[in-house]
$ cat data.cif   # mmCIF, C-alpha atoms and all ligand atoms
data_upload
loop_
_atom_site.label_atom_id
_atom_site.label_comp_id
_atom_site.auth_asym_id
_atom_site.auth_seq_id
_atom_site.Cartn_x
_atom_site.Cartn_y
_atom_site.Cartn_z
CA MET H 102 -57.83 -42.64 14.19
CA THR H 103 -57.88 -39.01 15.30
CA ALA H 104 -60.57 -37.80 17.68
CA PRO H 105 -63.42 -35.98 15.93
CA GLN H 106 -62.71 -32.27 15.59
CA PRO H 107 -65.02 -29.61 17.07
CA TYR H 108 -65.96 -28.29 13.64
CA GLY H 109 -67.78 -31.53 12.95
CA GLU H 110 -70.82 -30.10 14.71
CA LYS H 111 -70.83 -27.11 12.46
CA LEU H 112 -70.02 -27.90 8.88
CA MET H 113 -69.66 -31.04 6.92
CA ARG H 114 -71.25 -30.69 3.55
CA ILE H 115 -72.89 -28.17 1.27
CA THR H 116 -76.60 -28.36 0.58
CA GLU H 117 -78.20 -27.83 -2.77
CA LYS H 118 -78.90 -24.22 -1.78
CA ASN H 119 -75.24 -23.53 -1.06
CA GLN H 120 -75.53 -23.69 2.73
CA LEU H 121 -73.15 -25.54 4.98
CA THR H 122 -74.76 -28.15 7.10
CA SER H 123 -73.64 -30.83 9.50
CA ASP H 124 -74.17 -34.44 8.62
CA LYS H 125 -73.45 -36.97 11.33
CA THR H 126 -73.53 -39.86 8.91
CA LEU H 127 -70.29 -38.56 7.39
CA GLU H 128 -68.43 -38.43 10.70
CA GLU H 129 -66.69 -41.77 10.16
CA ALA H 130 -65.50 -40.81 6.69
CA LYS H 131 -64.31 -37.49 8.04
CA GLU H 132 -62.29 -39.20 10.75
CA MET H 133 -60.70 -41.49 8.19
CA LEU H 134 -59.78 -38.62 5.89
CA CYS H 135 -58.39 -36.56 8.78
CA SER H 136 -56.34 -39.50 9.92
CA PHE H 137 -55.13 -40.13 6.37
CA THR H 138 -54.16 -36.52 5.60
CA GLY H 139 -53.65 -34.95 9.03
CA ALA H 140 -56.28 -32.35 8.09
CA LYS H 141 -58.46 -30.57 10.65
CA GLU H 142 -61.66 -30.50 8.70
CA VAL H 143 -63.27 -32.10 5.71
CA LEU H 144 -65.92 -30.61 3.53
CA PHE H 145 -67.97 -33.03 1.45
CA THR H 146 -69.13 -31.78 -1.94
CA GLY H 147 -70.89 -33.13 -4.99
CA ARG H 148 -67.59 -33.54 -6.83
CA ALA H 149 -63.88 -32.93 -6.31
CA ALA H 150 -63.97 -29.95 -8.66
CA SER H 151 -66.25 -28.04 -6.28
CA GLY H 152 -63.80 -28.62 -3.42
CA LEU H 153 -60.88 -27.59 -5.59
CA TYR H 154 -62.63 -24.40 -6.65
CA LEU H 155 -63.30 -23.49 -3.01
CA ALA H 156 -59.69 -24.22 -2.05
CA LEU H 157 -58.46 -21.90 -4.80
CA ARG H 158 -60.84 -19.15 -3.69
CA LEU H 159 -59.63 -19.50 -0.12
CA ILE H 160 -56.00 -19.32 -1.18
CA ARG H 161 -56.73 -16.21 -3.21
CA GLU H 162 -58.54 -14.54 -0.32
CA LYS H 163 -55.39 -14.69 1.75
CA ARG H 164 -53.34 -12.97 -0.95
CA LYS H 165 -55.35 -9.87 -1.72
CA ASP H 166 -52.06 -8.06 -2.37
CA ILE H 167 -51.86 -9.79 -5.77
CA GLU H 168 -54.32 -8.59 -8.36
CA VAL H 169 -54.05 -11.42 -10.88
CA PRO H 170 -52.60 -14.39 -9.04
CA GLU H 171 -50.85 -17.16 -10.93
CA ILE H 172 -51.15 -20.86 -10.36
CA ILE H 173 -48.79 -23.61 -11.54
CA LEU H 174 -50.39 -26.75 -12.96
CA PRO H 175 -49.04 -29.89 -14.64
CA ALA H 176 -49.16 -30.06 -18.43
CA LEU H 177 -50.75 -33.51 -18.38
CA SER H 178 -54.10 -33.96 -16.65
CA CYS H 179 -57.78 -33.53 -17.30
CA SER H 180 -59.01 -29.96 -17.70
CA THR H 181 -60.70 -29.73 -14.29
CA ALA H 182 -57.88 -28.05 -12.38
CA ALA H 183 -57.38 -25.36 -15.03
CA ASN H 184 -61.12 -24.74 -15.34
CA CYS H 185 -61.46 -24.33 -11.57
CA ALA H 186 -58.43 -22.02 -11.45
CA ILE H 187 -59.78 -19.76 -14.17
CA MET H 188 -63.17 -19.64 -12.45
CA ALA H 189 -61.42 -18.63 -9.24
CA GLY H 190 -59.62 -15.76 -11.06
CA TYR H 191 -56.14 -17.16 -11.64
CA LYS H 192 -53.80 -16.95 -14.58
CA VAL H 193 -52.85 -20.56 -15.33
CA ARG H 194 -49.26 -21.61 -15.97
CA PHE H 195 -48.32 -25.11 -17.14
CA ALA H 196 -45.21 -27.08 -16.26
CA ASP H 197 -44.02 -29.54 -18.86
CA VAL H 198 -43.61 -33.13 -17.75
CA ASN H 199 -40.69 -35.49 -17.51
CA PRO H 200 -41.05 -38.04 -20.34
CA GLN H 201 -40.27 -40.92 -17.97
CA THR H 202 -42.82 -40.13 -15.26
CA ALA H 203 -45.43 -38.01 -17.10
CA LEU H 204 -45.25 -35.64 -14.09
CA PRO H 205 -43.47 -32.29 -14.00
CA ASP H 206 -40.13 -32.34 -12.22
CA PRO H 207 -39.97 -29.90 -9.31
CA GLU H 208 -37.42 -27.74 -11.16
CA THR H 209 -39.79 -27.27 -14.11
CA MET H 210 -42.57 -26.14 -11.81
CA GLN H 211 -40.25 -23.89 -9.86
CA ALA H 212 -39.01 -22.20 -13.03
CA LEU H 213 -42.55 -20.91 -13.68
CA ALA H 214 -42.84 -19.16 -10.33
CA GLY H 215 -42.84 -15.39 -10.22
CA PRO H 216 -43.98 -12.66 -7.81
CA SER H 217 -47.64 -13.36 -8.61
CA THR H 218 -47.49 -17.12 -8.06
CA ILE H 219 -49.59 -18.03 -5.05
CA ALA H 220 -50.65 -21.62 -5.65
CA LEU H 221 -49.57 -24.91 -7.15
CA VAL H 222 -51.66 -28.00 -7.81
CA PHE H 223 -49.81 -31.29 -7.60
CA ILE H 224 -51.82 -33.99 -9.33
CA HIS H 225 -50.57 -37.47 -8.53
CA LEU H 226 -51.29 -38.42 -12.09
CA PHE H 227 -51.60 -42.14 -12.84
CA GLY H 228 -50.92 -42.72 -9.14
CA ASN H 229 -47.38 -41.35 -9.04
CA THR H 230 -46.28 -39.21 -6.09
CA THR H 231 -42.64 -38.76 -7.05
CA HIS H 232 -41.07 -35.49 -5.81
CA LEU H 233 -44.06 -34.50 -3.73
CA GLN H 234 -42.04 -33.98 -0.58
CA GLN H 235 -39.41 -31.82 -2.27
CA LEU H 236 -42.05 -29.71 -3.94
CA ALA H 237 -43.96 -29.23 -0.71
CA ALA H 238 -40.84 -27.89 1.03
CA TRP H 239 -40.22 -25.45 -1.80
CA CYS H 240 -43.83 -24.23 -1.73
CA LYS H 241 -43.56 -23.58 1.99
CA GLN H 242 -40.34 -21.61 1.60
CA ASN H 243 -41.87 -19.48 -1.14
CA ASN H 244 -45.28 -18.84 0.40
CA ILE H 245 -47.01 -20.78 -2.35
CA ALA H 246 -50.08 -22.75 -1.29
CA LEU H 247 -49.99 -26.42 -2.26
CA VAL H 248 -53.10 -28.30 -3.31
CA GLU H 249 -52.76 -32.06 -3.58
CA ASP H 250 -55.09 -33.76 -5.99
CA LEU H 251 -55.07 -37.38 -4.85
CA VAL H 252 -57.69 -38.48 -7.28
CA HIS H 253 -55.43 -41.05 -8.96
CA SER H 254 -53.18 -41.92 -6.06
CA VAL H 255 -55.25 -42.34 -2.93
CA MET H 256 -53.54 -45.13 -1.04
CA PRO H 257 -53.83 -47.04 2.18
CA ASP H 258 -51.32 -46.17 4.89
CA THR H 259 -49.37 -49.35 4.37
CA ALA H 260 -48.41 -48.40 0.85
CA ASN H 261 -48.20 -44.73 1.52
CA THR H 262 -44.45 -44.53 1.88
CA ARG H 263 -44.27 -40.99 0.65
CA CYS H 264 -47.29 -39.93 2.68
CA SER H 265 -49.23 -38.48 -0.19
CA GLY H 266 -52.09 -36.39 1.16
CA THR H 267 -50.14 -35.14 4.14
CA PHE H 268 -48.30 -32.27 2.46
CA GLY H 269 -50.93 -30.11 0.78
CA ASP H 270 -52.50 -27.10 2.48
CA PHE H 271 -55.61 -28.48 0.84
CA VAL H 272 -56.19 -32.01 -0.40
CA ILE H 273 -58.97 -33.08 -2.72
CA PHE H 274 -60.58 -36.48 -3.15
CA SER H 275 -63.01 -37.65 -5.77
CA PHE H 276 -65.45 -40.52 -5.34
CA ASN H 277 -66.55 -40.25 -8.93
CA ALA H 278 -65.72 -43.24 -11.09
CA PRO H 279 -63.47 -44.02 -12.90
CA LYS H 280 -61.08 -42.80 -10.22
CA ILE H 281 -59.63 -45.02 -7.49
CA LEU H 282 -62.64 -44.47 -5.23
CA SER H 283 -66.20 -44.61 -6.47
CA GLY H 284 -69.75 -44.02 -5.27
CA GLY H 285 -70.02 -40.35 -6.29
CA GLY H 286 -69.12 -37.08 -4.55
CA GLY H 287 -65.90 -35.37 -3.54
CA ALA H 288 -64.07 -34.12 -0.46
CA LEU H 289 -61.86 -31.19 0.42
CA CYS H 290 -59.48 -31.65 3.38
CA MET H 291 -58.24 -28.50 5.14
CA ARG H 292 -55.67 -27.66 7.76
CA ASP H 293 -56.32 -23.97 8.26
CA ASP H 294 -58.98 -22.92 10.81
CA ALA H 295 -59.50 -19.54 9.16
CA ALA H 296 -60.19 -21.20 5.82
CA ILE H 297 -62.84 -23.37 7.37
CA GLU H 298 -64.58 -20.32 8.80
CA ARG H 299 -64.46 -18.51 5.46
CA ILE H 300 -66.19 -21.15 3.37
CA ALA H 301 -69.66 -20.26 4.59
CA ALA H 302 -69.23 -16.68 3.39
CA LEU H 303 -67.75 -17.69 0.04
CA LEU H 304 -70.78 -19.77 -0.75
CA HIS H 305 -72.86 -16.62 -0.95
CA GLU H 306 -70.60 -14.95 -3.46
CA PRO H 307 -70.83 -15.16 -7.23
CA PRO H 308 -70.49 -17.12 -9.44
CA TYR H 309 -72.45 -19.52 -7.32
CA LYS H 310 -76.08 -19.34 -7.78
CA GLN H 311 -76.95 -23.01 -8.01
CA ALA H 312 -75.59 -26.02 -9.75
CA ALA H 313 -77.30 -26.74 -13.05
CA GLU H 314 -80.29 -29.05 -12.82
CA PRO H 315 -79.31 -32.71 -13.37
CA ALA H 316 -80.95 -32.93 -16.80
CA LEU H 317 -79.22 -29.77 -18.01
CA ARG H 318 -75.96 -30.92 -16.48
CA LYS H 319 -76.18 -34.16 -18.41
CA GLN H 320 -76.68 -32.24 -21.65
CA LEU H 321 -73.85 -29.85 -20.86
CA ALA H 322 -71.53 -32.70 -19.92
CA LEU H 323 -72.21 -34.37 -23.21
CA GLY H 324 -71.67 -31.09 -25.06
CA TYR H 325 -68.41 -30.48 -23.25
CA ARG H 326 -67.20 -33.97 -24.02
CA HIS H 327 -67.95 -33.62 -27.73
CA LEU H 328 -66.34 -30.21 -27.85
CA HIS H 329 -63.24 -31.47 -26.10
CA HIS H 330 -62.89 -34.48 -28.40
CA GLN H 331 -63.39 -32.39 -31.50
CA LEU H 332 -60.82 -29.82 -30.45
CA VAL H 333 -58.31 -32.52 -29.53
CA HIS H 334 -58.90 -34.03 -32.94
CA HIS H 335 -58.06 -30.69 -34.63
CA ASP H 336 -55.02 -30.13 -32.48
CA ARG H 337 -53.74 -33.64 -33.05
CA SER H 338 -54.09 -33.38 -36.79
CA GLY H 339 -52.09 -30.13 -36.84
CA ASP H 340 -54.54 -28.47 -39.22
CA GLY H 341 -53.77 -25.04 -37.76
CA PHE H 342 -57.16 -24.48 -36.11
CA ASP H 343 -56.68 -22.24 -33.07
CA ILE H 344 -58.30 -24.40 -30.38
CA HIS H 345 -57.24 -22.05 -27.59
CA SER H 346 -59.19 -19.00 -28.81
CA PHE H 347 -62.18 -21.08 -29.72
CA PHE H 348 -62.26 -22.91 -26.40
CA MET H 349 -61.68 -19.83 -24.24
CA GLY H 350 -64.51 -18.05 -26.06
CA ILE H 351 -67.05 -20.56 -24.79
CA ARG H 352 -65.33 -22.08 -21.75
CA GLN H 353 -67.46 -20.17 -19.27
CA ALA H 354 -70.63 -21.73 -20.61
CA PHE H 355 -69.55 -24.95 -18.92
CA ASP H 356 -68.83 -23.48 -15.47
CA ALA H 357 -72.11 -24.93 -14.26
CA LEU H 358 -70.49 -28.35 -14.61
CA MET H 359 -67.71 -27.53 -12.18
CA TRP H 360 -69.99 -26.59 -9.34
CA LEU H 361 -71.92 -29.44 -7.79
CA PRO H 362 -72.57 -28.71 -4.11
CA GLU H 363 -74.70 -31.59 -2.98
CA VAL H 364 -73.29 -35.06 -2.39
CA PRO H 365 -75.38 -37.78 -4.04
CA ALA H 366 -78.04 -39.70 -2.16
CA GLY H 367 -76.58 -42.74 -0.40
CA PHE H 368 -73.09 -41.16 -0.38
CA ASP H 369 -70.96 -43.52 1.69
CA PRO H 370 -67.31 -42.48 1.53
CA ALA H 371 -66.42 -44.43 4.68
CA LYS H 372 -67.26 -47.65 2.88
CA GLN H 373 -65.05 -46.68 -0.05
CA LEU H 374 -62.18 -45.65 2.20
CA SER H 375 -62.35 -48.75 4.37
CA GLY H 376 -61.97 -50.93 1.29
CA LEU H 377 -58.90 -49.04 0.15
CA SER H 378 -56.23 -51.59 1.14
CA GLU H 379 -57.96 -54.34 -0.82
CA ASN H 380 -58.65 -51.99 -3.72
CA TYR H 381 -54.96 -51.04 -3.77
CA ALA H 382 -53.76 -54.67 -3.57
CA ARG H 383 -56.02 -55.76 -6.44
CA ARG H 384 -54.84 -52.88 -8.64
CA MET H 385 -51.18 -53.47 -7.87
CA ASP H 386 -51.42 -57.20 -8.61
CA LYS H 387 -52.84 -56.46 -12.04
CA ALA H 388 -50.41 -53.64 -12.74
CA ARG H 389 -47.47 -55.89 -11.82
CA ILE H 390 -48.53 -58.41 -14.45
CA TYR H 391 -48.19 -55.67 -17.08
CA LEU H 392 -45.04 -54.17 -15.66
CA GLU H 393 -43.08 -57.40 -15.39
CA ALA H 394 -43.86 -58.36 -18.97
CA LEU H 395 -43.60 -54.94 -20.61
CA ARG H 396 -40.86 -53.02 -18.80
CA ASP H 397 -38.09 -54.04 -21.22
CA VAL H 398 -40.05 -54.47 -24.41
CA GLU H 399 -38.68 -52.76 -27.53
CA GLY H 400 -41.09 -50.31 -29.07
CA ILE H 401 -42.73 -49.06 -25.89
CA SER H 402 -41.69 -47.03 -22.88
CA VAL H 403 -43.47 -47.74 -19.64
CA ILE H 404 -44.73 -44.84 -17.49
CA THR H 405 -46.23 -46.80 -14.60
CA SER H 406 -43.15 -47.95 -12.71
CA LEU H 407 -44.78 -48.94 -9.38
CA GLY H 408 -41.94 -47.39 -7.40
CA PRO H 409 -42.32 -46.59 -3.69
CA GLY H 410 -45.37 -44.46 -3.01
CA GLU H 411 -46.99 -45.31 -6.30
CA ASN H 412 -50.47 -46.61 -6.76
CA CYS H 413 -51.78 -47.47 -10.20
CA TRP H 414 -54.77 -45.70 -11.71
CA ARG H 415 -54.40 -47.22 -15.16
CA PHE H 416 -51.30 -48.96 -16.40
CA SER H 417 -49.73 -46.48 -18.80
CA PHE H 418 -47.07 -46.74 -21.48
CA CYS H 419 -46.11 -44.85 -24.62
CA ILE H 420 -45.60 -46.48 -27.99
CA LYS H 421 -42.51 -45.29 -29.79
CA GLN H 422 -44.19 -45.15 -33.19
CA ALA H 423 -46.67 -42.45 -32.19
CA GLU H 424 -48.21 -42.27 -35.67
CA LYS H 425 -49.55 -45.79 -35.05
CA LEU H 426 -51.36 -44.89 -31.81
CA PHE H 427 -54.91 -45.11 -33.09
CA ASP H 428 -54.28 -48.18 -35.13
CA PHE H 429 -52.66 -49.87 -32.13
CA SER H 430 -55.46 -48.84 -29.72
CA GLU H 431 -58.10 -49.98 -32.17
CA LYS H 432 -56.46 -53.40 -32.46
CA LEU H 433 -56.59 -53.85 -28.69
CA ARG H 434 -60.23 -52.77 -28.66
CA ASN H 435 -61.04 -55.17 -31.46
CA ASP H 436 -59.49 -57.91 -29.35
CA GLY H 437 -62.03 -56.94 -26.66
CA PHE H 438 -60.02 -54.81 -24.23
CA HIS H 439 -60.47 -51.37 -22.63
CA VAL H 440 -57.93 -48.80 -23.79
CA SER H 441 -57.79 -45.03 -23.35
CA ASN H 442 -55.39 -42.44 -24.72
CA LEU H 443 -55.80 -39.79 -22.00
CA TYR H 444 -54.75 -36.92 -21.53
CA TRP H 445 -54.49 -34.07 -24.00
CA PRO H 446 -52.22 -31.34 -22.55
CA PRO H 447 -54.42 -28.64 -20.96
CA ASN H 448 -51.95 -25.89 -21.91
CA ARG H 449 -53.16 -26.34 -25.50
CA PHE H 450 -56.62 -25.19 -24.41
CA PHE H 451 -55.84 -22.77 -21.61
CA ASN H 452 -52.42 -21.22 -22.24
CA PRO H 453 -50.50 -22.42 -25.32
CA ALA H 454 -47.85 -19.77 -24.67
CA ASP H 455 -46.48 -22.22 -22.12
CA ALA H 456 -45.03 -24.65 -24.62
CA CYS H 457 -44.87 -28.19 -23.22
CA PRO H 458 -43.26 -30.43 -25.84
CA ASN H 459 -42.89 -33.50 -23.62
CA ALA H 460 -46.56 -33.46 -22.64
CA ASN H 461 -47.42 -33.11 -26.31
CA LYS H 462 -45.30 -36.08 -27.19
CA ILE H 463 -46.77 -38.27 -24.46
CA ALA H 464 -50.34 -37.27 -25.38
CA ARG H 465 -49.69 -38.48 -28.93
CA SER H 466 -48.36 -41.86 -27.88
CA ILE H 467 -49.93 -42.89 -24.56
CA VAL H 468 -51.91 -46.06 -23.98
CA ASN H 469 -53.74 -46.63 -20.67
CA LEU H 470 -54.92 -50.10 -19.67
CA TRP H 471 -57.51 -50.87 -16.98
CA VAL H 472 -56.45 -52.43 -13.67
CA ASP H 473 -59.63 -51.82 -11.67
CA ASP H 474 -62.49 -54.15 -10.85
CA ALA H 475 -63.91 -53.74 -14.34
CA VAL H 476 -61.33 -56.33 -15.43
CA SER H 477 -60.38 -59.73 -14.01
CA THR H 478 -56.84 -61.05 -13.69
CA ALA H 479 -57.54 -63.43 -16.57
CA GLU H 480 -58.58 -60.48 -18.74
CA VAL H 481 -55.41 -58.60 -17.80
CA LYS H 482 -53.33 -61.59 -18.89
CA ALA H 483 -55.26 -61.87 -22.15
CA CYS H 484 -54.89 -58.14 -22.76
CA LEU H 485 -51.15 -58.43 -22.13
CA THR H 486 -50.91 -61.12 -24.81
CA SER H 487 -52.78 -58.83 -27.20
CA VAL H 488 -50.44 -55.90 -26.39
CA GLN H 489 -47.37 -58.08 -26.94
CA LYS H 490 -48.72 -59.40 -30.23
CA HIS H 491 -49.50 -55.93 -31.64
CA VAL H 492 -46.27 -54.35 -30.38
CA ASN H 493 -44.29 -57.17 -32.01
CA ALA H 494 -46.16 -56.74 -35.27
CA MET H 495 -45.50 -53.00 -35.23
CA GLU H 496 -41.81 -53.51 -34.54
CA HIS H 497 -41.55 -56.25 -37.13
CA LEU H 498 -43.10 -54.06 -39.84
CA SER H 499 -40.89 -51.11 -39.04
CA SER H 500 -37.69 -53.21 -39.13
CA LYS H 501 -38.51 -54.46 -42.62
C1 LIG R 1 -56.84 -35.81 -11.69
C2 LIG R 1 -58.27 -35.37 -11.54
N1 LIG R 1 -58.59 -34.50 -10.56
C3 LIG R 1 -59.88 -34.09 -10.37
C4 LIG R 1 -60.90 -34.53 -11.17
C5 LIG R 1 -62.30 -34.06 -10.91
O1 LIG R 1 -63.02 -34.99 -10.12
P1 LIG R 1 -64.60 -34.81 -9.98
O2 LIG R 1 -65.21 -35.43 -11.17
O3 LIG R 1 -64.98 -35.54 -8.70
O4 LIG R 1 -64.86 -33.36 -9.86
C6 LIG R 1 -60.59 -35.43 -12.21
C7 LIG R 1 -61.61 -35.88 -13.16
O5 LIG R 1 -62.25 -35.20 -13.86
C8 LIG R 1 -59.25 -35.86 -12.40
O6 LIG R 1 -58.91 -36.73 -13.38
#

$ encode --input "data.cif" --output "structure tokens" --more "lines below"
Ligand SMILES: Cc1ncc(COP(=O)(O)O)c(C=O)c1O
Amino acid sequence: MTAPQPYGEKLMRITEKNQLTSDKTLEEAKEMLCSFTGAKEVLFTGRAASGLYLALRLIREKRKDIEVPEIILPALSCSTAANCAIMAGYKVRFADVNPQTALPDPETMQALAGPSTIALVFIHLFGNTTHLQQLAAWCKQNNIALVEDLVHSVMPDTANTRCSGTFGDFVIFSFNAPKILSGGGGALCMRDDAAIERIAALLHEPPYKQAAEPALRKQLALGYRHLHHQLVHHDRSGDGFDIHSFFMGIRQAFDALMWLPEVPAGFDPAKQLSGLSENYARRMDKARIYLEALRDVEGISVITSLGPGENCWRFSFCIKQAEKLFDFSEKLRNDGFHVSNLYWPPNRFFNPADACPNANKIARSIVNLWVDDAVSTAEVKACLTSVQKHVNAMEHLSSK
């Protein structure tokens, strides 16, 4: 463990009224995060998005020479990173993903860089940290700030062969389920002393008045969810509805959801972090059951490969007959298992001019299976049998 840093006395978390305050009860979690990432300071926030937004503001502050800065983001993820970037005044650019890993290759990200590019967010989506090191070196050479979003890949040191979390200028953590960690809240890890000093001032600048009241936030969150699902539905069906213009016209109405300063009552990140090795081992055991049985199965292509430096958020694979995705997912649900089909490519909402055909293809064929504590090993085995049965039936029908 690293020794506590001097800033610990001064700032640790944001209060409801957008003030920085110290909080001794978070000292242990701070030490763990600093030891994990090599950061100098940690700021605890109500959610990861608030930390990400602040990181992007700080990065922008250092590059006042660029009027409209650009940021490079992956074309498969939730919409949080793009929303935060737009709020912080960036033009968002999306890098298409490699069909095997569902992550952008470094070359694809690099090809988007231009004179206005000042930041890149690397999301270890589904737990994969492939190419992180290479990308970090390139960012450094090109004066591009790197933000690591560890939300899906946070790992104990023992498994952390590629040292995810140690490369980013800023690193964000989420303790909001259904990520790897739970319990609520988020954290921003920082290496730059000047950035730490600047946060206090930023908190008094627009657009931050206050976070929306919890009841309003609940309503807004529900509204945003419905809107998102409806727009994905239109986009998926290819009915020609312009989801980008529609979404961008009302996107700002949901900014109040991105900013949540205050960590929840009873926030105990140290407890979550200290259970990480066991959390990781339980996830990997379940993911291995899927991988060993499914890696060579006709009709699917596995995304979660559990290579070095890989944790597993959900076990993900694509079905080759994409037009059967809903039917297939529904069959698994009817057999009693959790299935999701996340994510819809954010470029479709935020910048469709960046065409990302691979992300589009994956979004139309992906199946994510649970490996967390919501499911037992016996349920994983039963779910595997259900997957095998329905994949076989699909293949059998198509070969007729
Ligand atoms: C990859 C990723 N990063 C960041 C976030 C945001 O986390 P939080 O809900 O703590 O703001 C999410 C979820 O929305 C996510 O999936």

$ residues_around --input "data.cif" --residues "H:Thr209" --least-positions-apart "5" --cutoff "8 Å" --atoms "all atoms listed in the file" --output "ChimeraX atom specification"
/H:196-198

$ residues_near_ligand --input "data.cif" --ligand "ligand LIG 1 (chain R)" --cutoff "7 Å" --atoms "all atoms listed in the file" --output "number ranges by chain"
H: 148-151, 178-179, 181-182, 224, 226, 250, 252-253, 275-277, 286-287, 359

$ closest_residue --input "data.cif" --among "H:Ala454, H:Ala301, H:Leu204, H:Ile463" --to "H:Asn442" --atoms "only C-alpha atoms"
H:Ile463

$ atom_distance --input "data.cif" --atom1 "atom CA of H:Lys482" --atom2 "atom CA of H:Val398"
16.0 Å

$ closest_residue --input "data.cif" --among "H:Lys163, H:Thr116, H:Pro170, H:Pro365" --to "H:Pro315" --atoms "only C-alpha atoms"
H:Pro365

$ closest_residue --input "data.cif" --among "H:Asp436, H:Val403, H:Asp369, H:Ala475" --to "H:Ala203" --atoms "all atoms listed in the file"
H:Val403

$ closest_atom_pairs --input "data.cif" --of "stretch 155-243 of chain H" --to "stretch 447-450 of chain H" --cutoff "8 Å" --atoms "all atoms listed in the file" --output "tab-separated table"
residue	atom	partner	partner_atom	distance
H:Ala176	CA	H:Pro447	CA	6.0
H:Leu177	CA	H:Pro447	CA	6.6
H:Ser178	CA	H:Pro447	CA	6.9
H:Cys179	CA	H:Pro447	CA	7.0
H:Ser180	CA	H:Pro447	CA	5.8
H:Ala183	CA	H:Pro447	CA	7.4
H:Arg194	CA	H:Asn448	CA	7.8
H:Phe195	CA	H:Asn448	CA	6.0

$ atom_distance --input "data.cif" --atom1 "atom CA of H:Ala237" --atom2 "atom CA of H:Ser283"
27.6 Å

$ residues_near_point --input "data.cif" --point "(-49.2, -32.0, -28.7)" --cutoff "8 Å" --atoms "all atoms listed in the file" --output "list in words"
Asp336, Arg337, Trp445, Pro446, Arg449, Cys457, Pro458, Ala460, Asn461, Lys462, Ile463, Ala464 and Arg465 of chain H

$ atom_distance --input "data.cif" --atom1 "atom CA of H:Asp343" --atom2 "atom CA of H:Leu174"
21.5 Å

$ closest_atom_pairs --input "data.cif" --of "stretch 155-240 of chain H" --to "stretch 411-417 of chain H" --cutoff "6 Å" --atoms "only C-alpha atoms" --output "Markdown table"
| residue | atom | partner | partner_atom | distance |
| --- | --- | --- | --- | --- |
| H:Phe227 | CA | H:Trp414 | CA | 4.9 |
| H:Gly228 | CA | H:Asn412 | CA | 4.6 |
| H:Asn229 | CA | H:Glu411 | CA | 4.8 |
